[in-house]
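**Q** Next comes the structure file query-v7.pdb, holding PDB, C-alpha atoms and all ligand atoms.
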```pdb
ATOM      1  CA  MET Z  49      74.487 -45.432  50.782
ATOM      2  CA  ARG Z  50      72.772 -45.915  47.448
ATOM      3  CA  LEU Z  51      73.837 -48.709  45.123
ATOM      4  CA  ASN Z  52      72.955 -46.814  41.959
ATOM      5  CA  PHE Z  53      73.424 -43.181  41.097
ATOM      6  CA  SER Z  54      73.370 -40.970  38.032
ATOM      7  CA  ILE Z  55      75.940 -38.360  37.258
ATOM      8  CA  GLY Z  56      76.027 -36.332  34.057
ATOM      9  CA  ASP Z  57      75.012 -38.672  31.239
ATOM     10  CA  MET Z  58      76.206 -41.780  33.110
ATOM     11  CA  THR Z  59      74.839 -44.255  35.640
ATOM     12  CA  VAL Z  60      77.061 -45.901  38.237
ATOM     13  CA  HIS Z  61      76.214 -49.139  40.058
ATOM     14  CA  ARG Z  62      77.994 -50.536  43.091
ATOM     15  CA  ILE Z  63      78.311 -54.310  43.022
ATOM     16  CA  VAL Z  64      79.277 -55.361  46.545
ATOM     17  CA  GLU Z  65      80.710 -58.848  46.982
ATOM     18  CA  MET Z  66      81.868 -58.866  50.610
ATOM     19  CA  GLU Z  67      82.675 -56.742  53.609
ATOM     20  CA  SER Z  68      84.958 -58.342  56.184
ATOM     21  CA  PRO Z  69      87.649 -57.690  58.804
ATOM     22  CA  PHE Z  70      91.045 -57.458  57.106
ATOM     23  CA  LEU Z  71      94.055 -56.538  59.254
ATOM     24  CA  PRO Z  72      94.783 -54.978  62.665
ATOM     25  CA  ALA Z  73      95.239 -51.213  62.278
ATOM     26  CA  PHE Z  74      98.930 -51.086  63.197
ATOM     27  CA  GLU Z  75      99.759 -54.011  60.942
ATOM     28  CA  MET Z  76      97.917 -52.401  58.073
ATOM     29  CA  LEU Z  77      99.376 -48.902  58.486
ATOM     30  CA  PRO Z  78     102.900 -49.160  59.974
ATOM     31  CA  GLY Z  79     103.150 -45.361  60.319
ATOM     32  CA  LEU Z  80     100.041 -45.158  62.503
ATOM     33  CA  THR Z  81     100.404 -44.128  66.151
ATOM     34  CA  GLN Z  82      98.119 -44.986  69.051
ATOM     35  CA  GLU Z  83      97.460 -41.271  69.526
ATOM     36  CA  VAL Z  84      96.223 -40.800  65.955
ATOM     37  CA  LEU Z  85      94.103 -43.942  66.104
ATOM     38  CA  ASP Z  86      92.500 -42.852  69.382
ATOM     39  CA  ALA Z  87      91.819 -39.362  68.045
ATOM     40  CA  ASN Z  88      89.927 -40.813  65.069
ATOM     41  CA  ARG Z  89      88.236 -43.802  66.623
ATOM     42  CA  ASP Z  90      84.828 -42.106  66.892
ATOM     43  CA  TRP Z  91      84.318 -41.564  63.208
ATOM     44  CA  LEU Z  92      86.015 -44.777  62.077
ATOM     45  CA  GLN Z  93      83.795 -47.036  64.178
ATOM     46  CA  PRO Z  94      81.879 -49.152  63.441
ATOM     47  CA  HIS Z  95      82.144 -49.432  59.647
ATOM     48  CA  SER Z  96      85.863 -49.018  59.032
ATOM     49  CA  LEU Z  97      87.281 -49.993  62.414
ATOM     50  CA  GLY Z  98      85.875 -53.078  64.091
ATOM     51  CA  PRO Z  99      86.438 -54.879  67.401
ATOM     52  CA  GLY Z 100      90.103 -55.269  68.349
ATOM     53  CA  ASP Z 101      90.993 -52.289  66.141
ATOM     54  CA  VAL Z 102      90.860 -54.381  62.996
ATOM     55  CA  PHE Z 103      90.166 -52.516  59.758
ATOM     56  CA  SER Z 104      87.323 -53.836  57.630
ATOM     57  CA  LEU Z 105      87.428 -53.775  53.855
ATOM     58  CA  CYS Z 106      84.622 -53.845  51.356
ATOM     59  CA  TYR Z 107      85.182 -55.723  48.092
ATOM     60  CA  GLN Z 108      83.147 -54.151  45.343
ATOM     61  CA  SER Z 109      83.060 -53.472  41.634
ATOM     62  CA  TYR Z 110      81.647 -50.356  40.066
ATOM     63  CA  ILE Z 111      79.808 -50.509  36.787
ATOM     64  CA  VAL Z 112      79.643 -47.328  34.758
ATOM     65  CA  ARG Z 113      77.128 -47.018  31.970
ATOM     66  CA  THR Z 114      78.181 -44.286  29.585
ATOM     67  CA  PRO Z 115      76.029 -43.418  26.553
ATOM     68  CA  HIS Z 116      78.271 -45.816  24.588
ATOM     69  CA  HIS Z 117      79.507 -48.606  26.857
ATOM     70  CA  THR Z 118      78.881 -50.591  30.017
ATOM     71  CA  ILE Z 119      82.168 -50.820  31.903
ATOM     72  CA  LEU Z 120      82.960 -52.854  35.017
ATOM     73  CA  VAL Z 121      85.896 -51.637  37.116
ATOM     74  CA  ASP Z 122      87.751 -54.247  39.208
ATOM     75  CA  SER Z 123      86.231 -57.699  39.403
ATOM     76  CA  CYS Z 124      86.681 -58.452  43.119
ATOM     77  CA  LEU Z 125      87.273 -61.953  44.500
ATOM     78  CA  GLY Z 126      85.398 -64.496  42.417
ATOM     79  CA  ASN Z 127      84.259 -67.991  43.313
ATOM     80  CA  ASP Z 128      85.982 -71.392  43.459
ATOM     81  CA  LYS Z 129      89.470 -69.840  43.670
ATOM     82  CA  GLN Z 130      92.390 -71.189  45.707
ATOM     83  CA  ARG Z 131      93.396 -68.257  47.890
ATOM     84  CA  GLY Z 132      95.408 -67.698  51.053
ATOM     85  CA  ARG Z 133      92.761 -65.866  53.060
ATOM     86  CA  PRO Z 134      90.060 -68.188  54.462
ATOM     87  CA  GLU Z 135      87.167 -65.869  53.584
ATOM     88  CA  TRP Z 136      88.355 -65.666  49.943
ATOM     89  CA  HIS Z 137      89.249 -69.334  49.566
ATOM     90  CA  LEU Z 138      86.986 -71.570  47.420
ATOM     91  CA  LYS Z 139      83.928 -69.492  48.197
ATOM     92  CA  THR Z 140      80.733 -70.347  46.351
ATOM     93  CA  ASP Z 141      78.216 -67.661  47.336
ATOM     94  CA  ASP Z 142      75.954 -65.912  44.843
ATOM     95  CA  THR Z 143      76.227 -62.409  46.341
ATOM     96  CA  TYR Z 144      78.084 -60.899  43.393
ATOM     97  CA  MET Z 145      75.780 -62.322  40.735
ATOM     98  CA  ARG Z 146      72.718 -61.294  42.721
ATOM     99  CA  ALA Z 147      74.080 -57.757  42.988
ATOM    100  CA  LEU Z 148      74.620 -57.687  39.228
ATOM    101  CA  ALA Z 149      71.031 -58.830  38.657
ATOM    102  CA  ALA Z 150      69.747 -56.247  41.152
ATOM    103  CA  ALA Z 151      71.444 -53.579  39.020
ATOM    104  CA  GLY Z 152      69.383 -54.845  36.088
ATOM    105  CA  LEU Z 153      72.434 -56.286  34.351
ATOM    106  CA  THR Z 154      73.604 -59.656  33.086
ATOM    107  CA  VAL Z 155      77.143 -60.861  32.393
ATOM    108  CA  GLU Z 156      76.414 -60.396  28.667
ATOM    109  CA  ASP Z 157      75.852 -56.654  29.150
ATOM    110  CA  ILE Z 158      79.427 -55.830  30.146
ATOM    111  CA  ASP Z 159      81.428 -54.363  27.235
ATOM    112  CA  TYR Z 160      84.663 -53.770  29.137
ATOM    113  CA  VAL Z 161      86.260 -54.995  32.338
ATOM    114  CA  MET Z 162      88.932 -52.558  33.484
ATOM    115  CA  CYS Z 163      91.377 -53.559  36.225
ATOM    116  CA  THR Z 164      93.145 -50.905  38.284
ATOM    117  CA  HIS Z 165      95.801 -53.525  39.015
ATOM    118  CA  LEU Z 166      96.089 -57.282  38.949
ATOM    119  CA  HIS Z 167      95.997 -58.370  42.595
ATOM    120  CA  ASP Z 168      93.688 -61.272  43.420
ATOM    121  CA  ASP Z 169      90.936 -59.115  44.925
ATOM    122  CA  HIS Z 170      90.609 -57.068  41.701
ATOM    123  CA  VAL Z 171      90.567 -59.818  39.075
ATOM    124  CA  GLY Z 172      88.550 -62.643  40.650
ATOM    125  CA  TRP Z 173      85.389 -62.401  38.572
ATOM    126  CA  ASN Z 174      87.401 -62.027  35.378
ATOM    127  CA  THR Z 175      86.724 -65.742  35.099
ATOM    128  CA  ARG Z 176      84.428 -68.410  36.454
ATOM    129  CA  LEU Z 177      84.653 -72.162  36.604
ATOM    130  CA  VAL Z 178      82.476 -73.947  34.034
ATOM    131  CA  ASN Z 179      82.791 -77.729  33.676
ATOM    132  CA  GLY Z 180      86.213 -77.660  35.292
ATOM    133  CA  GLU Z 181      87.562 -74.887  33.056
ATOM    134  CA  TRP Z 182      88.170 -71.198  33.738
ATOM    135  CA  VAL Z 183      86.257 -69.124  31.194
ATOM    136  CA  PRO Z 184      85.723 -65.359  30.911
ATOM    137  CA  THR Z 185      82.764 -64.448  33.141
ATOM    138  CA  PHE Z 186      81.724 -61.637  30.835
ATOM    139  CA  PRO Z 187      81.507 -63.282  27.425
ATOM    140  CA  ASN Z 188      81.244 -60.081  25.386
ATOM    141  CA  ALA Z 189      83.789 -57.998  27.292
ATOM    142  CA  ARG Z 190      87.238 -56.781  26.382
ATOM    143  CA  TYR Z 191      89.504 -56.788  29.444
ATOM    144  CA  VAL Z 192      91.694 -53.710  29.889
ATOM    145  CA  PHE Z 193      95.012 -54.332  31.683
ATOM    146  CA  SER Z 194      97.861 -51.871  32.125
ATOM    147  CA  GLU Z 195     100.883 -53.023  30.164
ATOM    148  CA  ARG Z 196     103.259 -52.346  33.080
ATOM    149  CA  GLU Z 197     100.974 -54.120  35.522
ATOM    150  CA  LEU Z 198     100.654 -57.176  33.306
ATOM    151  CA  ALA Z 199     104.438 -57.347  32.825
ATOM    152  CA  THR Z 200     104.849 -57.355  36.621
ATOM    153  CA  ALA Z 201     102.281 -60.149  37.040
ATOM    154  CA  GLN Z 202     103.888 -62.211  34.278
ATOM    155  CA  ALA Z 203     107.359 -61.810  35.805
ATOM    156  CA  ALA Z 204     106.034 -62.763  39.256
ATOM    157  CA  ASN Z 205     104.350 -65.840  37.824
ATOM    158  CA  GLU Z 206     107.550 -66.875  36.033
ATOM    159  CA  ARG Z 207     109.518 -66.594  39.273
ATOM    160  CA  SER Z 208     106.931 -68.486  41.232
ATOM    161  CA  PRO Z 209     103.668 -69.622  39.592
ATOM    162  CA  TYR Z 210     100.598 -68.446  41.482
ATOM    163  CA  ALA Z 211      96.938 -69.395  41.331
ATOM    164  CA  GLY Z 212      95.607 -65.900  40.634
ATOM    165  CA  TYR Z 213      97.619 -65.707  37.425
ATOM    166  CA  THR Z 214      96.538 -69.160  36.272
ATOM    167  CA  ASP Z 215      92.855 -68.847  37.090
ATOM    168  CA  SER Z 216      92.067 -65.157  36.510
ATOM    169  CA  LEU Z 217      94.579 -63.727  33.996
ATOM    170  CA  LEU Z 218      95.870 -66.528  31.793
ATOM    171  CA  PRO Z 219      92.398 -67.624  30.595
ATOM    172  CA  ILE Z 220      91.671 -64.046  29.505
ATOM    173  CA  LEU Z 221      94.998 -63.752  27.685
ATOM    174  CA  ARG Z 222      94.472 -67.137  26.026
ATOM    175  CA  ALA Z 223      90.959 -66.182  24.942
ATOM    176  CA  GLY Z 224      92.412 -63.128  23.172
ATOM    177  CA  ARG Z 225      90.134 -60.812  25.109
ATOM    178  CA  THR Z 226      92.669 -58.320  26.463
ATOM    179  CA  GLU Z 227      93.415 -54.732  25.608
ATOM    180  CA  ILE Z 228      96.911 -54.163  26.972
ATOM    181  CA  VAL Z 229      97.187 -50.434  27.364
ATOM    182  CA  GLY Z 230      99.596 -47.656  28.267
ATOM    183  CA  ASP Z 231      99.085 -44.605  30.451
ATOM    184  CA  ASP Z 232      97.584 -42.641  27.547
ATOM    185  CA  TYR Z 233      94.629 -45.012  27.130
ATOM    186  CA  GLN Z 234      91.231 -43.462  26.462
ATOM    187  CA  LEU Z 235      87.956 -44.930  25.319
ATOM    188  CA  GLY Z 236      85.969 -42.346  23.391
ATOM    189  CA  ASP Z 237      85.179 -39.097  25.189
ATOM    190  CA  HIS Z 238      84.101 -40.739  28.424
ATOM    191  CA  VAL Z 239      86.889 -42.947  29.767
ATOM    192  CA  ARG Z 240      90.552 -42.381  30.559
ATOM    193  CA  ILE Z 241      93.386 -43.858  32.569
ATOM    194  CA  LEU Z 242      94.852 -41.932  35.481
ATOM    195  CA  PRO Z 243      98.266 -43.424  36.306
ATOM    196  CA  THR Z 244      98.527 -43.848  40.098
ATOM    197  CA  PRO Z 245     101.671 -45.905  40.848
ATOM    198  CA  GLY Z 246     102.752 -46.858  44.351
ATOM    199  CA  HIS Z 247     100.534 -49.694  45.544
ATOM    200  CA  THR Z 248     101.924 -51.497  42.488
ATOM    201  CA  ASP Z 249     104.253 -50.206  39.768
ATOM    202  CA  GLY Z 250     101.563 -50.228  37.096
ATOM    203  CA  HIS Z 251      98.579 -49.269  39.234
ATOM    204  CA  VAL Z 252      96.049 -47.061  37.435
ATOM    205  CA  SER Z 253      92.844 -45.310  38.359
ATOM    206  CA  PHE Z 254      90.077 -44.518  35.896
ATOM    207  CA  GLY Z 255      88.295 -41.282  35.128
ATOM    208  CA  PHE Z 256      84.807 -41.247  33.614
ATOM    209  CA  GLY Z 257      82.855 -38.337  32.213
ATOM    210  CA  LYS Z 258      82.457 -36.469  28.969
ATOM    211  CA  LYS Z 259      85.803 -34.730  28.549
ATOM    212  CA  ARG Z 260      86.266 -34.290  32.290
ATOM    213  CA  ASP Z 261      86.412 -36.543  35.319
ATOM    214  CA  GLU Z 262      82.892 -36.582  36.731
ATOM    215  CA  VAL Z 263      83.584 -39.894  38.474
ATOM    216  CA  VAL Z 264      86.949 -41.418  39.398
ATOM    217  CA  MET Z 265      87.711 -44.970  40.513
ATOM    218  CA  THR Z 266      90.628 -45.072  42.913
ATOM    219  CA  GLY Z 267      91.411 -48.782  42.976
ATOM    220  CA  ASP Z 268      94.022 -49.363  45.679
ATOM    221  CA  LEU Z 269      95.649 -45.950  45.749
ATOM    222  CA  ILE Z 270      93.845 -45.797  49.085
ATOM    223  CA  HIS Z 271      92.553 -48.625  51.301
ATOM    224  CA  VAL Z 272      90.934 -47.180  54.433
ATOM    225  CA  PRO Z 273      89.212 -43.856  55.229
ATOM    226  CA  LEU Z 274      91.876 -42.887  57.787
ATOM    227  CA  GLN Z 275      94.289 -42.436  54.855
ATOM    228  CA  MET Z 276      92.043 -39.652  53.561
ATOM    229  CA  ARG Z 277      92.768 -37.582  56.618
ATOM    230  CA  TYR Z 278      96.421 -38.693  56.707
ATOM    231  CA  PRO Z 279      97.492 -39.441  53.122
ATOM    232  CA  GLU Z 280     101.070 -40.082  54.281
ATOM    233  CA  LEU Z 281      99.999 -43.311  56.014
ATOM    234  CA  SER Z 282     100.777 -46.026  53.486
ATOM    235  CA  PHE Z 283      99.512 -49.587  53.539
ATOM    236  CA  ALA Z 284     102.122 -52.152  54.654
ATOM    237  CA  ARG Z 285     101.744 -53.956  51.328
ATOM    238  CA  ASP Z 286     102.159 -50.933  49.086
ATOM    239  CA  LYS Z 287     105.041 -51.850  46.790
ATOM    240  CA  ASP Z 288     106.562 -48.384  47.110
ATOM    241  CA  PRO Z 289     105.101 -46.743  50.247
ATOM    242  CA  VAL Z 290     106.762 -43.366  49.627
ATOM    243  CA  LEU Z 291     105.500 -43.154  46.049
ATOM    244  CA  ALA Z 292     102.084 -44.438  47.170
ATOM    245  CA  ALA Z 293     101.826 -41.574  49.668
ATOM    246  CA  THR Z 294     102.817 -38.954  47.074
ATOM    247  CA  THR Z 295     100.364 -40.385  44.546
ATOM    248  CA  ARG Z 296      97.589 -40.484  47.145
ATOM    249  CA  ARG Z 297      98.023 -36.894  48.217
ATOM    250  CA  SER Z 298      98.263 -35.523  44.699
ATOM    251  CA  PHE Z 299      95.169 -37.474  43.610
ATOM    252  CA  LEU Z 300      93.123 -36.295  46.607
ATOM    253  CA  GLU Z 301      94.302 -32.710  46.153
ATOM    254  CA  ARG Z 302      93.413 -32.762  42.459
ATOM    255  CA  TYR Z 303      89.762 -33.606  43.163
ATOM    256  CA  CYS Z 304      89.383 -31.878  46.529
ATOM    257  CA  ASP Z 305      86.448 -29.449  46.672
ATOM    258  CA  THR Z 306      85.408 -30.257  43.108
ATOM    259  CA  PRO Z 307      82.149 -31.894  41.965
ATOM    260  CA  THR Z 308      84.047 -35.067  40.991
ATOM    261  CA  LEU Z 309      82.673 -38.175  42.662
ATOM    262  CA  CYS Z 310      85.363 -40.440  44.108
ATOM    263  CA  CYS Z 311      84.599 -44.183  44.204
ATOM    264  CA  THR Z 312      86.930 -46.222  46.404
ATOM    265  CA  ALA Z 313      87.522 -49.937  45.979
ATOM    266  CA  HIS Z 314      87.732 -50.917  49.619
ATOM    267  CA  PHE Z 315      85.982 -48.409  51.892
ATOM    268  CA  PRO Z 316      82.942 -49.828  53.649
ATOM    269  CA  THR Z 317      80.115 -47.287  53.992
ATOM    270  CA  LEU Z 318      80.870 -44.592  52.891
ATOM    271  CA  SER Z 319      82.469 -46.034  49.754
ATOM    272  CA  ALA Z 320      81.922 -43.160  47.347
ATOM    273  CA  GLY Z 321      81.590 -39.436  47.839
ATOM    274  CA  ARG Z 322      83.061 -36.040  47.216
ATOM    275  CA  ILE Z 323      86.478 -35.128  48.559
ATOM    276  CA  SER Z 324      86.681 -32.126  50.835
ATOM    277  CA  ARG Z 325      89.470 -30.640  52.893
ATOM    278  CA  TRP Z 326      89.949 -31.627  56.532
ATOM    279  CA  GLY Z 327      92.860 -29.862  58.188
ATOM    280  CA  ALA Z 328      96.031 -30.888  56.380
ATOM    281  CA  GLY Z 329      94.175 -33.829  54.833
ATOM    282  CA  TYR Z 330      90.849 -34.744  53.291
ATOM    283  CA  ARG Z 331      87.576 -36.494  53.943
ATOM    284  CA  LEU Z 332      85.000 -38.260  51.824
ATOM    285  CA  GLN Z 333      81.564 -36.676  52.058
ATOM    286  CA  SER Z 334      78.216 -38.129  51.226
ATOM    287  CA  PHE Z 335      76.766 -36.820  47.971
ATOM    288  CA  ASP Z 336      73.179 -37.959  48.578
TER
HETATM  289 ZN    ZN Z 401      92.656 -54.439  46.769
END
```
Output the file's structure as C-alpha cells, nothing else.
**A**
Amino acid sequence: MRLNFSIGDMTVHRIVEMESPFLPAFEMLPGLTQEVLDANRDWLQPHSLGPGDVFSLCYQSYIVRTPHHTILVDSCLGNDKQRGRPEWHLKTDDTYMRALAAAGLTVEDIDYVMCTHLHDDHVGWNTRLVNGEWVPTFPNARYVFSERELATAQAANERSPYAGYTDSLLPILRAGRTEIVGDDYQLGDHVRILPTPGHTDGHVSFGFGKKRDEVVMTGDLIHVPLQMRYPELSFARDKDPVLAATTRRSFLERYCDTPTLCCTAHFPTLSAGRISRWGAGYRLQSFD
C-alpha cells in the first residue's frame, strides 16, 4: 500500500517504524473461538496472522499536512527506551527517521504531535536521547494530550513510577510544550477530537478534513483486522472491554460506506482504507 496519499486539500504520510509478531490470537482476543479463527484464516494470513496463529502488529505514525499545519499522530516506539518487550527495548535503528526523510520531512517541520492515548507504543518518539537527556524530538511542535488520559498516566506513575512516563511524557510537560485538551478540542477547520474510550479511559481518535472527517485516525480503538468483522471481540488489554466493543462498533458504523478514509495504528498491510459492510460487521477496503 502507498506511503503517501492525497485526500481533499490534505496529504497523509505513513511513517512505519516496525512490524512484528505480537501475541497469540487467543491471548490477544479472549472472546475468539477456534471456529471463528479457522473461518477467517485465509484472509488474515500472512500479514495479520503469522505462524503459530500469532497476530502481527504494525507500529506507525501518520502525518497529515493540512493547508495550515503538519500534524503527526501517535509517535510509536522510539529509540533507547527501557521497555518490557525485547523488540522495543533499547532499540537504536534509524527506520523511523529514514521514513520521515522519505516523506520529505524533517523533525523541524512537525507543528503538532497528537497522541490518541499515552501507552508506550504511541509516545516513544515524543522524545529522543541527546547527550544523556530526553529532549522533545520535534523541536517546534506542540504536543496534544487528552486531559483525562494524562490524568490517568500521572496517577499510574504516582502509584508506581514507570519508564514511559519519565522518558516520553515528563520531558514534554517540563518543556512546556503540551496542549492538554478536552473532548471538544479542534484546531481550525481541519482537525478535531473524536472521543473513543474503552482501550483507555481517555482514549481519543482524530478526524481531519475541512469541516468533515475526510480521514480518521483510530489509534487503539481497534488492534487487528479480525475486529473489523467482529467488533465485539475486544483486546485482552482493553481497560474496559465492554465499552471498547461499543465504541468500536459505533465508530465503524459511523464511517461505514462513506468516503472517509480510516487509518489504523496497528494493522499491517492493509493499514488504511475505506470501511464497508461485511455481514454483521465491517471490512477495510483498499482505496488505491
Ligand atoms: Zn498501541
**Q** Nearest to Z:Arg62 among Z:Ala313, Z:Lys287, Z:Lys129, Z:Arg296, with distances taken over only C-alpha atoms: which residue is it?
**A**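 Looking only at the distances to Z:Arg62, the closest residue turns out to be Z:Ala313.
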**Q** Ligand ZN 401 (chain Z): which residues are within 12 Å, counting all atoms listed in the file, as a PDB file with C-alpha atoms, in the coordinates of the input?
**A**
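Contents of pocket03.pdb, freshly written:
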```pdb
ATOM      1  CA  PHE Z  70      91.045 -57.458  57.106  1.00  0.00           C
ATOM      2  CA  LEU Z 105      87.428 -53.775  53.855  1.00  0.00           C
ATOM      3  CA  CYS Z 106      84.622 -53.845  51.356  1.00  0.00           C
ATOM      4  CA  TYR Z 107      85.182 -55.723  48.092  1.00  0.00           C
ATOM      5  CA  GLN Z 108      83.147 -54.151  45.343  1.00  0.00           C
ATOM      6  CA  SER Z 109      83.060 -53.472  41.634  1.00  0.00           C
ATOM      7  CA  ASP Z 122      87.751 -54.247  39.208  1.00  0.00           C
ATOM      8  CA  SER Z 123      86.231 -57.699  39.403  1.00  0.00           C
ATOM      9  CA  CYS Z 124      86.681 -58.452  43.119  1.00  0.00           C
ATOM     10  CA  LEU Z 125      87.273 -61.953  44.500  1.00  0.00           C
ATOM     11  CA  CYS Z 163      91.377 -53.559  36.225  1.00  0.00           C
ATOM     12  CA  THR Z 164      93.145 -50.905  38.284  1.00  0.00           C
ATOM     13  CA  HIS Z 165      95.801 -53.525  39.015  1.00  0.00           C
ATOM     14  CA  LEU Z 166      96.089 -57.282  38.949  1.00  0.00           C
ATOM     15  CA  HIS Z 167      95.997 -58.370  42.595  1.00  0.00           C
ATOM     16  CA  ASP Z 168      93.688 -61.272  43.420  1.00  0.00           C
ATOM     17  CA  ASP Z 169      90.936 -59.115  44.925  1.00  0.00           C
ATOM     18  CA  HIS Z 170      90.609 -57.068  41.701  1.00  0.00           C
ATOM     19  CA  VAL Z 171      90.567 -59.818  39.075  1.00  0.00           C
ATOM     20  CA  GLY Z 172      88.550 -62.643  40.650  1.00  0.00           C
ATOM     21  CA  HIS Z 247     100.534 -49.694  45.544  1.00  0.00           C
ATOM     22  CA  THR Z 248     101.924 -51.497  42.488  1.00  0.00           C
ATOM     23  CA  HIS Z 251      98.579 -49.269  39.234  1.00  0.00           C
ATOM     24  CA  THR Z 266      90.628 -45.072  42.913  1.00  0.00           C
ATOM     25  CA  GLY Z 267      91.411 -48.782  42.976  1.00  0.00           C
ATOM     26  CA  ASP Z 268      94.022 -49.363  45.679  1.00  0.00           C
ATOM     27  CA  LEU Z 269      95.649 -45.950  45.749  1.00  0.00           C
ATOM     28  CA  ILE Z 270      93.845 -45.797  49.085  1.00  0.00           C
ATOM     29  CA  HIS Z 271      92.553 -48.625  51.301  1.00  0.00           C
ATOM     30  CA  VAL Z 272      90.934 -47.180  54.433  1.00  0.00           C
ATOM     31  CA  PHE Z 283      99.512 -49.587  53.539  1.00  0.00           C
ATOM     32  CA  ARG Z 285     101.744 -53.956  51.328  1.00  0.00           C
ATOM     33  CA  ASP Z 286     102.159 -50.933  49.086  1.00  0.00           C
ATOM     34  CA  THR Z 312      86.930 -46.222  46.404  1.00  0.00           C
ATOM     35  CA  ALA Z 313      87.522 -49.937  45.979  1.00  0.00           C
ATOM     36  CA  HIS Z 314      87.732 -50.917  49.619  1.00  0.00           C
ATOM     37  CA  PHE Z 315      85.982 -48.409  51.892  1.00  0.00           C
TER      38      PHE Z 315
END
```
**Q** One decimal, in Å: what's the spacing between atom CA of Z:Val121 and atom CA of Z:Pro134?
**A**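 A separation of 24.3 Å between them.
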**Q** Which neighbours of stretch 214-224 of chain Z fall inside 12 Å, counting only C-alpha atoms, when residues of the same chain fewer than 6 positions from it are skipped, and could you give them as a short mmCIF file (atom, residue, chain, number, x, y, z; two decimals) with C-alpha atoms, in the frame of the given file?
**A**
```cif
data_model
loop_
_atom_site.label_atom_id
_atom_site.label_comp_id
_atom_site.auth_asym_id
_atom_site.auth_seq_id
_atom_site.Cartn_x
_atom_site.Cartn_y
_atom_site.Cartn_z
CA SER Z 123 86.23 -57.70 39.40
CA CYS Z 124 86.68 -58.45 43.12
CA LEU Z 125 87.27 -61.95 44.50
CA GLY Z 126 85.40 -64.50 42.42
CA ASN Z 127 84.26 -67.99 43.31
CA ASP Z 128 85.98 -71.39 43.46
CA LYS Z 129 89.47 -69.84 43.67
CA GLN Z 130 92.39 -71.19 45.71
CA ARG Z 131 93.40 -68.26 47.89
CA VAL Z 161 86.26 -55.00 32.34
CA CYS Z 163 91.38 -53.56 36.22
CA HIS Z 165 95.80 -53.52 39.02
CA LEU Z 166 96.09 -57.28 38.95
CA HIS Z 167 96.00 -58.37 42.60
CA ASP Z 168 93.69 -61.27 43.42
CA ASP Z 169 90.94 -59.12 44.92
CA HIS Z 170 90.61 -57.07 41.70
CA VAL Z 171 90.57 -59.82 39.08
CA GLY Z 172 88.55 -62.64 40.65
CA TRP Z 173 85.39 -62.40 38.57
CA ASN Z 174 87.40 -62.03 35.38
CA THR Z 175 86.72 -65.74 35.10
CA ARG Z 176 84.43 -68.41 36.45
CA LEU Z 177 84.65 -72.16 36.60
CA VAL Z 178 82.48 -73.95 34.03
CA GLY Z 180 86.21 -77.66 35.29
CA GLU Z 181 87.56 -74.89 33.06
CA TRP Z 182 88.17 -71.20 33.74
CA VAL Z 183 86.26 -69.12 31.19
CA PRO Z 184 85.72 -65.36 30.91
CA THR Z 185 82.76 -64.45 33.14
CA PHE Z 186 81.72 -61.64 30.84
CA PRO Z 187 81.51 -63.28 27.42
CA ASN Z 188 81.24 -60.08 25.39
CA ALA Z 189 83.79 -58.00 27.29
CA ARG Z 190 87.24 -56.78 26.38
CA TYR Z 191 89.50 -56.79 29.44
CA VAL Z 192 91.69 -53.71 29.89
CA PHE Z 193 95.01 -54.33 31.68
CA GLU Z 197 100.97 -54.12 35.52
CA LEU Z 198 100.65 -57.18 33.31
CA ALA Z 199 104.44 -57.35 32.83
CA ALA Z 201 102.28 -60.15 37.04
CA GLN Z 202 103.89 -62.21 34.28
CA ALA Z 204 106.03 -62.76 39.26
CA ASN Z 205 104.35 -65.84 37.82
CA GLU Z 206 107.55 -66.88 36.03
CA SER Z 208 106.93 -68.49 41.23
#
```
**Q** Taking into account only C-alpha atoms, which residue in the set Z:Ala284, Z:Ala203, Z:Glu83, Z:Gln275 is nearest to Z:Leu71?
**A**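 Once distances to Z:Leu71 are computed over only C-alpha atoms, the minimum belongs to Z:Ala284.
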**Q** Taking the file as I've supplied it (selection: the PyMOL selection byres (((chain Z and resi 252) around 7) and not hetatm)), which residues are included? Please answer as a PyMOL selection string.
**A** chain Z and resi 164-165+241-245+250-251+253-254
**Q** Name the residues captured by the PyMOL selection byres (((chain Z and resi 300) around 9) and not hetatm) when it is applied to the shown file; answer as a ChimeraX atom specification.
**A** /Z:276,279,295-299,301-304,323-324,329-330
**Q** Please return stretch 234-242 of chain Z, rebuilt to N, CA and C atoms, as a CSV table (one decimal), in the coordinates of the input.
**A**
```
chain,number,residue,atom,x,y,z
Z,234,GLN,N,92.6,-44.1,26.3
Z,234,GLN,CA,91.2,-43.5,26.5
Z,234,GLN,C,90.2,-44.3,25.7
Z,235,LEU,N,89.0,-44.3,26.1
Z,235,LEU,CA,88.0,-44.9,25.3
Z,235,LEU,C,86.9,-43.9,25.0
Z,236,GLY,N,86.9,-43.4,23.8
Z,236,GLY,CA,86.0,-42.3,23.4
Z,236,GLY,C,86.2,-41.1,24.2
Z,237,ASP,N,85.1,-40.3,24.4
Z,237,ASP,CA,85.2,-39.1,25.2
Z,237,ASP,C,85.0,-39.3,26.7
Z,238,HIS,N,84.6,-40.5,27.1
Z,238,HIS,CA,84.1,-40.7,28.4
Z,238,HIS,C,85.0,-41.5,29.4
Z,239,VAL,N,86.1,-42.1,28.9
Z,239,VAL,CA,86.9,-42.9,29.8
Z,239,VAL,C,88.4,-42.7,29.6
Z,240,ARG,N,89.1,-42.6,30.7
Z,240,ARG,CA,90.6,-42.4,30.6
Z,240,ARG,C,91.3,-43.0,31.8
Z,241,ILE,N,92.5,-43.3,31.5
Z,241,ILE,CA,93.4,-43.9,32.6
Z,241,ILE,C,94.0,-42.7,33.3
Z,242,LEU,N,94.1,-42.9,34.6
Z,242,LEU,CA,94.9,-41.9,35.5
Z,242,LEU,C,96.0,-42.7,36.2
```
